[in-house]
Structure formats: structure tokens, C-alpha cells
$ cat target23.pdb   # PDB, C-alpha atoms
ATOM      1  CA  MET A 100       0.000   0.000   0.000
ATOM      2  CA  ASN A 101       2.870   2.303   0.851
ATOM      3  CA  LYS A 102       4.540   1.474  -2.460
ATOM      4  CA  ARG A 103       1.462   2.500  -4.375
ATOM      5  CA  SER A 104       1.265   5.698  -2.449
ATOM      6  CA  ASP A 105       4.906   6.469  -3.186
ATOM      7  CA  LEU A 106       4.352   5.818  -6.895
ATOM      8  CA  SER A 107       1.367   8.135  -6.968
ATOM      9  CA  LYS A 108       3.334  10.840  -5.247
ATOM     10  CA  SER A 109       6.217  10.432  -7.742
ATOM     11  CA  PHE A 110       3.850  10.603 -10.707
ATOM     12  CA  PHE A 111       2.266  13.814  -9.478
ATOM     13  CA  ARG A 112       5.660  15.296  -8.814
ATOM     14  CA  VAL A 113       6.641  14.570 -12.441
ATOM     15  CA  LEU A 114       3.430  16.173 -13.718
ATOM     16  CA  LEU A 115       4.043  19.228 -11.619
ATOM     17  CA  ASN A 116       7.642  19.566 -12.850
ATOM     18  CA  PRO A 117       7.918  22.310 -15.570
ATOM     19  CA  ARG A 118      10.888  20.559 -17.177
ATOM     20  CA  PHE A 119       8.675  17.586 -17.950
ATOM     21  CA  TRP A 120       6.270  19.714 -19.950
ATOM     22  CA  LEU A 121       9.154  21.456 -21.698
ATOM     23  CA  HIS A 122      10.627  18.141 -22.855
ATOM     24  CA  LEU A 123       7.176  16.994 -23.923
ATOM     25  CA  ALA A 124       6.782  20.144 -26.018
ATOM     26  CA  PHE A 125      10.165  19.527 -27.662
ATOM     27  CA  VAL A 126       9.130  16.008 -28.547
ATOM     28  CA  GLY A 127       5.860  17.269 -30.036
ATOM     29  CA  VAL A 128       7.631  19.851 -32.148
ATOM     30  CA  PHE A 129      10.142  17.240 -33.304
ATOM     31  CA  PHE A 130       7.390  14.921 -34.549
ATOM     32  CA  MET A 131       5.570  17.809 -36.243
ATOM     33  CA  VAL A 132       8.728  18.811 -38.154
ATOM     34  CA  CYS A 133       9.360  15.208 -39.137
ATOM     35  CA  GLY A 134       5.785  14.904 -40.354
ATOM     36  CA  ALA A 135       6.017  18.077 -42.454
ATOM     37  CA  VAL A 136       9.296  17.009 -44.069
ATOM     38  CA  THR A 137       7.914  13.575 -44.793
ATOM     39  CA  PHE A 138       4.759  15.054 -46.349
ATOM     40  CA  ALA A 139       6.786  17.407 -48.567
ATOM     41  CA  TRP A 140       9.015  14.560 -49.687
ATOM     42  CA  LEU A 141       6.065  12.325 -50.479
ATOM     43  CA  ASN A 142       4.372  15.136 -52.368
ATOM     44  CA  ASN A 143       7.491  15.774 -54.444
ATOM     45  CA  TYR A 144       8.008  12.064 -55.007
ATOM     46  CA  THR A 145       4.485  11.507 -56.278
ATOM     47  CA  ARG A 146       4.802  14.497 -58.689
ATOM     48  CA  HIS A 147       8.232  13.456 -59.959
ATOM     49  CA  ASP A 148       6.933  11.678 -63.055
ATOM     50  CA  GLN A 149       3.892  13.916 -63.484
ATOM     51  CA  LYS A 150       3.661  15.604 -66.932
ATOM     52  CA  LEU A 151       2.760  19.271 -67.200
ATOM     53  CA  GLU A 152       1.081  21.105 -70.075
ATOM     54  CA  LEU A 153       3.447  23.490 -71.845
ATOM     55  CA  PRO A 154       2.293  27.147 -72.041
ATOM     56  CA  ASP A 155       2.210  29.133 -75.307
ATOM     57  CA  TYR A 156       5.045  31.686 -75.181
ATOM     58  CA  THR A 157       4.799  32.898 -78.790
ATOM     59  CA  GLY A 158       4.372  36.670 -78.851
ATOM     60  CA  TRP A 159       5.872  37.032 -75.357
ATOM     61  CA  ASN A 160       8.892  39.154 -74.552
ATOM     62  CA  LEU A 161      11.800  36.774 -73.871
ATOM     63  CA  ASP A 162      12.590  38.125 -70.392
ATOM     64  CA  GLU A 163       8.964  37.807 -69.278
ATOM     65  CA  ALA A 164       8.745  34.290 -70.697
ATOM     66  CA  VAL A 165      11.925  33.198 -68.877
ATOM     67  CA  LYS A 166      10.515  34.483 -65.588
ATOM     68  CA  ASP A 167       7.190  32.707 -66.085
ATOM     69  CA  ALA A 168       8.827  29.474 -67.211
ATOM     70  CA  THR A 169      11.116  29.432 -64.170
ATOM     71  CA  GLU A 170       8.111  29.748 -61.873
ATOM     72  CA  GLN A 171       6.545  26.756 -63.636
ATOM     73  CA  SER A 172       9.711  24.618 -63.487
ATOM     74  CA  PHE A 173      10.654  25.030 -67.154
ATOM     75  CA  ARG A 174      13.780  26.389 -68.789
ATOM     76  CA  ILE A 175      14.016  28.542 -71.931
ATOM     77  CA  SER A 176      16.938  28.527 -74.371
ATOM     78  CA  THR A 177      17.278  30.759 -77.467
ATOM     79  CA  LEU A 178      17.756  28.669 -80.592
ATOM     80  CA  ASP A 179      17.843  31.413 -83.244
ATOM     81  CA  SER A 180      17.112  35.109 -83.786
ATOM     82  CA  ILE A 181      15.866  36.809 -86.949
ATOM     83  CA  HIS A 182      14.784  40.315 -87.874
ATOM     84  CA  VAL A 183      11.110  40.771 -88.699
ATOM     85  CA  VAL A 184      10.000  44.099 -90.155
ATOM     86  CA  GLY A 185       7.514  45.828 -87.859
ATOM     87  CA  LYS A 186       8.223  43.679 -84.788
ATOM     88  CA  PRO A 187      10.217  44.754 -81.711
ATOM     89  CA  GLY A 188      13.328  42.892 -80.648
ATOM     90  CA  ASN A 189      13.278  39.966 -78.175
ATOM     91  CA  GLU A 190       9.784  38.771 -79.147
ATOM     92  CA  ILE A 191       9.301  34.989 -79.268
ATOM     93  CA  LEU A 192       8.258  33.855 -82.752
ATOM     94  CA  GLN A 193       8.078  30.093 -82.232
ATOM     95  CA  GLN A 194       8.893  27.442 -79.655
ATOM     96  CA  THR A 195       9.813  23.779 -79.474
ATOM     97  CA  PRO A 196       8.023  21.792 -78.055
ATOM     98  CA  VAL A 197       4.847  23.552 -79.143
ATOM     99  CA  SER A 198       2.285  24.842 -76.672
ATOM    100  CA  GLY A 199      -0.037  22.247 -75.176
ATOM    101  CA  ALA A 200       2.579  19.487 -75.250
ATOM    102  CA  LEU A 201       2.824  17.365 -72.070
ATOM    103  CA  VAL A 202       6.361  17.493 -70.706
ATOM    104  CA  LYS A 203       8.205  16.784 -67.468
ATOM    105  CA  GLU A 204       9.486  19.412 -65.066
ATOM    106  CA  ASN A 205      12.739  21.176 -65.943
ATOM    107  CA  ARG A 206      12.145  20.585 -69.650
ATOM    108  CA  THR A 207      14.031  23.036 -71.875
ATOM    109  CA  ILE A 208      11.919  25.047 -74.298
ATOM    110  CA  TYR A 209      13.832  26.178 -77.402
ATOM    111  CA  VAL A 210      12.647  29.473 -78.876
ATOM    112  CA  THR A 211      13.278  31.651 -81.925
ATOM    113  CA  ILE A 212      13.175  35.380 -81.182
ATOM    114  CA  THR A 213      13.256  38.639 -83.140
ATOM    115  CA  LYS A 214      16.393  40.738 -83.553
ATOM    116  CA  ARG A 215      16.409  44.374 -82.519
ATOM    117  CA  ASN A 216      18.490  45.480 -85.517
ATOM    118  CA  ALA A 217      17.647  44.804 -89.152
ATOM    119  CA  ASP A 218      19.800  42.513 -91.274
ATOM    120  CA  LYS A 219      21.838  44.346 -93.910
ATOM    121  CA  ILE A 220      22.301  43.284 -97.517
ATOM    122  CA  SER A 221      25.064  44.616 -99.745
ATOM    123  CA  VAL A 222      24.123  46.019-103.138
ATOM    124  CA  GLY A 223      26.431  43.391-104.613
ATOM    125  CA  ARG A 224      24.060  40.659-103.375
ATOM    126  CA  LEU A 225      21.054  42.206-105.096
ATOM    127  CA  PRO A 226      20.072  41.204-108.623
ATOM    128  CA  ILE A 227      21.136  43.402-111.546
ATOM    129  CA  LEU A 228      18.660  46.300-111.598
ATOM    130  CA  TYR A 229      19.807  48.805-114.233
ATOM    131  CA  GLY A 230      18.014  48.334-117.539
ATOM    132  CA  LYS A 231      15.610  45.717-116.101
ATOM    133  CA  ASN A 232      11.824  45.827-115.914
ATOM    134  CA  TYR A 233      10.793  47.726-112.780
ATOM    135  CA  GLU A 234       7.690  45.697-111.877
ATOM    136  CA  ARG A 235       9.553  42.415-112.152
ATOM    137  CA  LYS A 236      12.464  43.571-110.002
ATOM    138  CA  LYS A 237      10.099  45.148-107.480
ATOM    139  CA  ARG A 238       8.538  41.723-106.816
ATOM    140  CA  GLU A 239      11.928  40.014-106.690
ATOM    141  CA  LEU A 240      13.365  42.502-104.184
ATOM    142  CA  TYR A 241      10.436  42.084-101.811
ATOM    143  CA  GLN A 242      10.123  38.303-102.052
ATOM    144  CA  SER A 243      13.850  37.583-101.731
ATOM    145  CA  PHE A 244      15.078  40.436 -99.520
ATOM    146  CA  GLU A 245      11.966  42.133 -98.009
ATOM    147  CA  ILE A 246      13.056  45.412 -99.632
ATOM    148  CA  GLU A 247      10.338  47.839-100.700
ATOM    149  CA  SER A 248      10.444  49.783-103.992
ATOM    150  CA  ARG A 249       8.891  53.043-105.114
ATOM    151  CA  ILE A 250       9.088  55.205-108.227
ATOM    152  CA  LYS A 251      10.803  58.519-107.517
ATOM    153  CA  ALA A 252      10.663  59.906-111.056
ATOM    154  CA  ARG A 253      10.210  59.055-114.708
ATOM    155  CA  ARG A 254      12.688  60.072-117.376
ATOM    156  CA  PHE A 255      12.578  59.941-121.126
ATOM    157  CA  ASP A 256      14.502  57.090-122.667
ATOM    158  CA  PRO A 257      14.313  55.828-126.265
ATOM    159  CA  GLY A 258      14.235  52.219-125.057
ATOM    160  CA  GLU A 259      11.337  50.261-123.643
ATOM    161  CA  PRO A 260       9.214  52.157-121.080
ATOM    162  CA  GLY A 261       9.074  50.992-117.451
ATOM    163  CA  HIS A 262      12.729  49.999-117.263
ATOM    164  CA  ILE A 263      15.131  50.984-114.481
ATOM    165  CA  LEU A 264      17.462  53.895-115.257
ATOM    166  CA  GLU A 265      18.696  54.653-111.750
ATOM    167  CA  VAL A 266      18.387  53.258-108.190
ATOM    168  CA  LEU A 267      18.791  55.402-105.074
ATOM    169  CA  TYR A 268      19.108  54.495-101.394
ATOM    170  CA  LYS A 269      18.721  57.307 -98.856
ATOM    171  CA  GLY A 270      19.352  59.817-101.633
ATOM    172  CA  GLN A 271      22.521  58.097-102.872
ATOM    173  CA  THR A 272      22.674  56.541-106.336
ATOM    174  CA  VAL A 273      23.658  52.899-105.879
ATOM    175  CA  SER A 274      22.965  51.572-109.382
ATOM    176  CA  GLY A 275      22.730  53.186-112.804
ATOM    177  CA  ARG A 276      24.329  53.640-116.199
ATOM    178  CA  LYS A 277      27.791  54.058-114.655
ATOM    179  CA  GLY A 278      27.568  50.800-112.676
ATOM    180  CA  ARG A 279      26.633  50.060-109.092
ATOM    181  CA  LYS A 280      28.167  50.514-105.647
ATOM    182  CA  GLU A 281      28.634  46.932-104.537
ATOM    183  CA  ASP A 282      29.599  47.629-100.904
ATOM    184  CA  VAL A 283      26.679  49.868 -99.914
ATOM    185  CA  LEU A 284      24.575  48.099 -97.257
ATOM    186  CA  ILE A 285      20.777  48.104 -97.568
ATOM    187  CA  GLU A 286      18.716  47.466 -94.431
ATOM    188  CA  LYS A 287      16.164  44.708 -94.726
ATOM    189  CA  GLY A 288      12.697  46.277 -94.748
ATOM    190  CA  SER A 289      13.904  49.616 -96.115
ATOM    191  CA  THR A 290      12.863  51.260 -99.407
ATOM    192  CA  LEU A 291      14.767  51.839-102.656
ATOM    193  CA  ASP A 292      13.845  54.745-104.940
ATOM    194  CA  PHE A 293      13.753  54.191-108.697
ATOM    195  CA  ILE A 294      13.928  56.398-111.760
ATOM    196  CA  ILE A 295      12.323  54.519-114.611
ATOM    197  CA  SER A 296      12.085  55.065-118.343
ATOM    198  CA  GLU A 297       9.240  56.484-120.395
ATOM    199  CA  ARG A 298       8.936  57.597-123.980
ATOM    200  CA  LYS A 299       7.320  60.900-123.128
ATOM    201  CA  GLY A 300       8.572  63.902-121.282
ATOM    202  CA  GLY A 301      11.631  65.184-123.154
ATOM    203  CA  GLU A 302      11.156  68.338-125.194
ATOM    204  CA  LEU A 303      12.851  69.026-128.524
ATOM    205  CA  ALA A 304      12.564  71.283-131.546
ATOM    206  CA  ILE A 305      10.204  69.942-134.202
ATOM    207  CA  PRO A 306      12.378  68.595-137.033
ATOM    208  CA  ASP A 307      11.777  69.922-140.586
ATOM    209  CA  LEU A 308      11.177  66.814-142.677
ATOM    210  CA  VAL A 309       9.671  68.341-145.833
ATOM    211  CA  CYS A 310      11.645  67.515-149.005
ATOM    212  CA  LYS A 311      13.435  64.619-147.323
ATOM    213  CA  THR A 312      12.952  61.047-148.450
ATOM    214  CA  PHE A 313      10.727  58.849-146.353
ATOM    215  CA  ALA A 314      13.786  56.805-145.308
ATOM    216  CA  GLU A 315      15.585  59.956-144.097
ATOM    217  CA  ALA A 316      12.506  61.252-142.290
ATOM    218  CA  ARG A 317      11.891  57.956-140.532
ATOM    219  CA  PHE A 318      15.519  57.810-139.358
ATOM    220  CA  ILE A 319      15.298  61.321-137.885
ATOM    221  CA  ILE A 320      11.970  60.590-136.179
ATOM    222  CA  GLU A 321      13.121  57.354-134.555
ATOM    223  CA  ASN A 322      16.447  58.803-133.349
ATOM    224  CA  SER A 323      14.745  61.858-131.872
ATOM    225  CA  GLY A 324      12.532  59.836-129.561
ATOM    226  CA  LEU A 325       9.433  60.606-131.632
ATOM    227  CA  ILE A 326       6.881  58.221-133.085
ATOM    228  CA  LEU A 327       5.983  57.908-136.738
ATOM    229  CA  GLY A 328       2.246  58.443-136.951
ATOM    230  CA  GLU A 329      -0.262  58.377-139.801
ATOM    231  CA  ILE A 330       1.105  58.463-143.369
ATOM    232  CA  LEU A 331      -0.877  60.086-146.195
ATOM    233  CA  THR A 332       0.154  59.279-149.746
ATOM    234  CA  ALA A 333      -0.529  61.108-153.015
ATOM    235  CA  GLY A 334      -0.373  59.127-156.249
ATOM    236  CA  ASN A 335       1.170  55.736-156.810
ATOM    237  CA  ILE A 336       4.225  55.083-154.659
ATOM    238  CA  GLU A 337       6.098  51.907-155.565
ATOM    239  CA  ILE A 338       9.101  52.246-153.220
ATOM    240  CA  ALA A 339       8.143  53.890-149.923
ATOM    241  CA  ASP A 340      11.717  54.690-148.828
ATOM    242  CA  SER A 341      12.296  56.674-152.043
ATOM    243  CA  ALA A 342       9.119  58.748-151.677
ATOM    244  CA  TYR A 343       9.401  62.436-150.609
ATOM    245  CA  VAL A 344       7.813  64.218-147.698
ATOM    246  CA  THR A 345       5.523  67.020-148.857
ATOM    247  CA  GLY A 346       4.018  67.916-145.498
ATOM    248  CA  GLN A 347       4.029  67.118-141.792
ATOM    249  CA  VAL A 348       1.993  67.613-138.605
ATOM    250  CA  PRO A 349       3.044  69.302-136.388
ATOM    251  CA  ASP A 350       4.720  72.001-138.466
ATOM    252  CA  PRO A 351       8.283  73.065-137.533
ATOM    253  CA  ALA A 352       6.982  76.625-137.124
ATOM    254  CA  GLU A 353       5.142  75.476-133.957
ATOM    255  CA  GLY A 354       8.505  75.289-132.199
ATOM    256  CA  TYR A 355       8.757  72.300-129.816
ATOM    257  CA  MET A 356       7.141  68.943-129.142
ATOM    258  CA  HIS A 357       7.563  66.250-126.464
ATOM    259  CA  MET A 358       9.436  63.037-126.983
ATOM    260  CA  GLY A 359       7.084  60.149-127.487
ATOM    261  CA  GLU A 360       4.630  62.219-129.521
ATOM    262  CA  GLU A 361       3.672  61.419-133.115
ATOM    263  CA  ILE A 362       4.553  63.134-136.382
ATOM    264  CA  LYS A 363       2.189  62.632-139.300
ATOM    265  CA  LEU A 364       3.663  62.718-142.830
ATOM    266  CA  SER A 365       2.373  63.291-146.344
ATOM    267  CA  LEU A 366       4.281  61.521-149.135
ATOM    268  CA  THR A 367       4.521  61.695-152.896
ATOM    269  CA  ALA A 368       6.496  59.581-155.353
ATOM    270  CA  ASN A 369       8.271  62.533-157.020
ATOM    271  CA  LYS A 370      10.399  65.243-155.459
ATOM    272  CA  PRO A 371       8.376  68.481-155.168
ATOM    273  CA  ILE A 372       9.389  71.330-157.478
ATOM    274  CA  ASP A 373      10.039  73.749-154.604
ATOM    275  CA  CYS A 374      12.575  71.382-152.961
ATOM    276  CA  ASN A 375      16.245  72.103-153.670
TER     277      ASN A 375
END
$ encode --input "target23.pdb" --output "C-alpha cells"
Amino acid sequence: MNKRSDLSKSFFRVLLNPRFWLHLAFVGVFFMVCGAVTFAWLNNYTRHDQKLELPDYTGWNLDEAVKDATEQSFRISTLDSIHVVGKPGNEILQQTPVSGALVKENRTIYVTITKRNADKISVGRLPILYGKNYERKKRELYQSFEIESRIKARRFDPGEPGHILEVLYKGQTVSGRKGRKEDVLIEKGSTLDFIISERKGGELAIPDLVCKTFAEARFIIENSGLILGEILTAGNIEIADSAYVTGQVPDPAEGYMHMGEEIKLSLTANKPIDCN
């Protein structure tokens, strides 16, 4: 009986001892920490092989995409960079794997981004422009080099109309009759100015063709940048080149006419009496 009483007294003394409760609190905290660590480990272990859906980063700024990807346990690596006219630098154009793909954590996403500065193309890399058809070269420059073209002026030329006589870049002639400047660099997306040919526009004194043979008159007309228009004949003309000009429209007394305009002639088989 005394033993039981002693035990009871010892038990109550332990309960009333503050150190007992302090040790008990330490033990409780220890088990709580162990439980939390174990739970975190199990949670990570069960998600280790879990596949995540890849976001769509196209159109994002690269820095913002890297930050977002890091938060979602992905990595971003730049694969290539190209200049795109009208787009700012550092914009993501495409990604691999594509958005929506199921991938594991820490997967690397390879992206292609835009360059801040435009690519430059030397004039020597461009196709031959001088003397070529403007419309054809305009399409070729845009499709192959993304270079725009515009007509700055038209100039008389006895050749075919619509052909390139001169090419300018930022006010500087880079291609023309005297050759081209091979080393000048053209920015991708910029614009070239063109001077192209036409058969009208030049002004010259009206040639006096009366009393000349038709062959002589035709030679003068063609080499003056004029066009041979309607021909009126009087009498029977067997050999046209040997016929004589008896009249013309416009008359030389009118002064000047524009290149590309027509001259009408009147012909006769015999040389007029008043011609020397």
C-alpha cells in the first residue's frame, strides 16, 4: 500500500515539474517537423513523373517568358534570332516543343526570337537592276530580300518604257548607267527609290522633214525619240523609202514637241518642185 502511495506521489511530482512539460513540447515539435518534411518529400516524389502542359510563349517578350517558365519549373533557351520588319526585338516567334505538349518538369523550351536590328544586304548581293523591268524587279526585291520599292521619277529614254534607269538608297545613287556601288549596305525592310524610263517627257525642236525622203525622215523621227504616226500618200508610190515628204503635222513653225509624240507625214512619189 505504501509502495502505491509512493508511486502516486512520484507521478504527481513529475506532472508538476515544468521541465517535464518542456521536454514533452520539444518532442511534439520534433514529430511535427518530421511529419512536415515527410509530407513534402512524399508530395514531391508523387509528382516526380507527373507531366505538365506546356504554355504558349509565342508573342511574349523573352525576359517575361523566362521568368514565367522558371516559376513553372521550365527552362528557356534561345535557338535562333531573326529580324522581322515591324516587330520589336526579343519577341518569341516560335517554340519547341509547341504549346499544349505534355512534358516533365525542368524541360528546356527552345525558342526563336526577333532581332532588334535589321539585317543588312550589300548592293552586290542584289540582282542586276539597271536596264531591267521595274515591276519584275520590285517583286523580286520584296520576295527575296523584303526590300520595298517606289518610283521617284520618270525620265525619257528611247528604249522600252518601265525599265530601271537609276536606283537610289537614302538619296545616294547605288545603281545606274555608270555601274553600281557593290559595298553599300541596304537594311532589310527599307525602301529603294527608282527612276524609270518612259517615252514621253523630253522636249525638242520639231524637225523639218519636208523635201526629205521617207527613209531619211523615218531615221530622224526614230532617233529623236518621236513616233511615226499616220502616213498620207498622193499618187502611186512603188518604193516607200524613195518617196518624198511634202508635209508634216506638227509644223516646224510650232517650235517644240515632247518626246514620245507622233509626227504625221504626207508623201509623194516625185520630189516636189520647190525642194532644192
$ resolve_selection --input "target23.pdb" --expression "the PyMOL selection byres ((chain A and resi 328) around 12)" --output "JSON list (two decimals) with C-alpha atoms, keeping the file's coordinate frame"
[["chain", "number", "residue", "atom", "x", "y", "z"],
["A", 316, "ALA", "CA", 12.51, 61.25, -142.29],
["A", 317, "ARG", "CA", 11.89, 57.96, -140.53],
["A", 320, "ILE", "CA", 11.97, 60.59, -136.18],
["A", 321, "GLU", "CA", 13.12, 57.35, -134.56],
["A", 325, "LEU", "CA", 9.43, 60.61, -131.63],
["A", 326, "ILE", "CA", 6.88, 58.22, -133.08],
["A", 327, "LEU", "CA", 5.98, 57.91, -136.74],
["A", 329, "GLU", "CA", -0.26, 58.38, -139.80],
["A", 330, "ILE", "CA", 1.10, 58.46, -143.37],
["A", 331, "LEU", "CA", -0.88, 60.09, -146.20],
["A", 347, "GLN", "CA", 4.03, 67.12, -141.79],
["A", 348, "VAL", "CA", 1.99, 67.61, -138.60],
["A", 349, "PRO", "CA", 3.04, 69.30, -136.39],
["A", 359, "GLY", "CA", 7.08, 60.15, -127.49],
["A", 360, "GLU", "CA", 4.63, 62.22, -129.52],
["A", 361, "GLU", "CA", 3.67, 61.42, -133.12],
["A", 362, "ILE", "CA", 4.55, 63.13, -136.38],
["A", 363, "LYS", "CA", 2.19, 62.63, -139.30],
["A", 364, "LEU", "CA", 3.66, 62.72, -142.83],
["A", 365, "SER", "CA", 2.37, 63.29, -146.34]]
$ closest_residue --input "target23.pdb" --among "A:Gly188, A:Ile208, A:Gly223, A:Asn375" --to "A:Gly278" --atoms "only C-alpha atoms"
A:Gly223
$ residues_around --input "target23.pdb" --residues "A:Gly199" --least-positions-apart "3" --cutoff "7 Å" --atoms "only C-alpha atoms" --output "ChimeraX atom specification"
/A:152-154
$ closest_residue --input "target23.pdb" --among "A:Asp292, A:Ser172, A:Asn160, A:Arg206" --to "A:Gln193" --atoms "all atoms listed in the file"
A:Asn160
$ atom_distance --input "target23.pdb" --atom1 "atom CA of A:Thr272" --atom2 "atom CA of A:Arg215"
27.5 Å
$ residues_around --input "target23.pdb" --residues "A:Ser341" --least-positions-apart "6" --cutoff "7 Å" --atoms "only C-alpha atoms" --output "ChimeraX atom specification"
/A:312-314
$ resolve_selection --input "target23.pdb" --expression "the PyMOL selection byres ((chain A and resi 243) around 12)" --output "compact mmCIF listing (two decimals) with C-alpha atoms, in the frame of the given file"
# COMPACT_ATOMS: atom_id res chain seq x y z
CA ILE A 220 22.30 43.28 -97.52
CA ARG A 224 24.06 40.66 -103.38
CA LEU A 225 21.05 42.21 -105.10
CA PRO A 226 20.07 41.20 -108.62
CA LYS A 236 12.46 43.57 -110.00
CA LYS A 237 10.10 45.15 -107.48
CA ARG A 238 8.54 41.72 -106.82
CA GLU A 239 11.93 40.01 -106.69
CA LEU A 240 13.36 42.50 -104.18
CA TYR A 241 10.44 42.08 -101.81
CA GLN A 242 10.12 38.30 -102.05
CA PHE A 244 15.08 40.44 -99.52
CA GLU A 245 11.97 42.13 -98.01
CA ILE A 246 13.06 45.41 -99.63
CA GLU A 247 10.34 47.84 -100.70
CA LYS A 287 16.16 44.71 -94.73
CA GLY A 288 12.70 46.28 -94.75
$ residues_around --input "target23.pdb" --residues "A:Lys219" --least-positions-apart "6" --cutoff "6 Å" --atoms "only C-alpha atoms" --output "ChimeraX atom specification"
/A:284-287
$ closest_residue --input "target23.pdb" --among "A:Glu170, A:Glu302, A:Asp340, A:Asp373" --to "A:Gly354" --atoms "all atoms listed in the file"
A:Glu302
$ closest_residue --input "target23.pdb" --among "A:His262, A:Leu151, A:Ser180, A:Thr157" --to "A:Val197" --atoms "only C-alpha atoms"
A:Thr157
$ atom_distance --input "target23.pdb" --atom1 "atom CA of A:Ile250" --atom2 "atom CA of A:Leu291"
8.6 Å
$ residues_around --input "target23.pdb" --residues "A:Pro260" --least-positions-apart "3" --cutoff "7 Å" --atoms "all atoms listed in the file" --output "list of chain:residue names"
A:Ser296, A:Glu297, A:Arg298
$ residues_around --input "target23.pdb" --residues "A:Asn205" --least-positions-apart "3" --cutoff "12 Å" --atoms "all atoms listed in the file" --output "list in words"
His147, Asp148, Gln149, Lys150, Leu151, Leu153, Ala168, Thr169, Glu170, Gln171, Ser172, Phe173, Arg174, Ile175, Ser176, Val202 and Ile208 of chain A
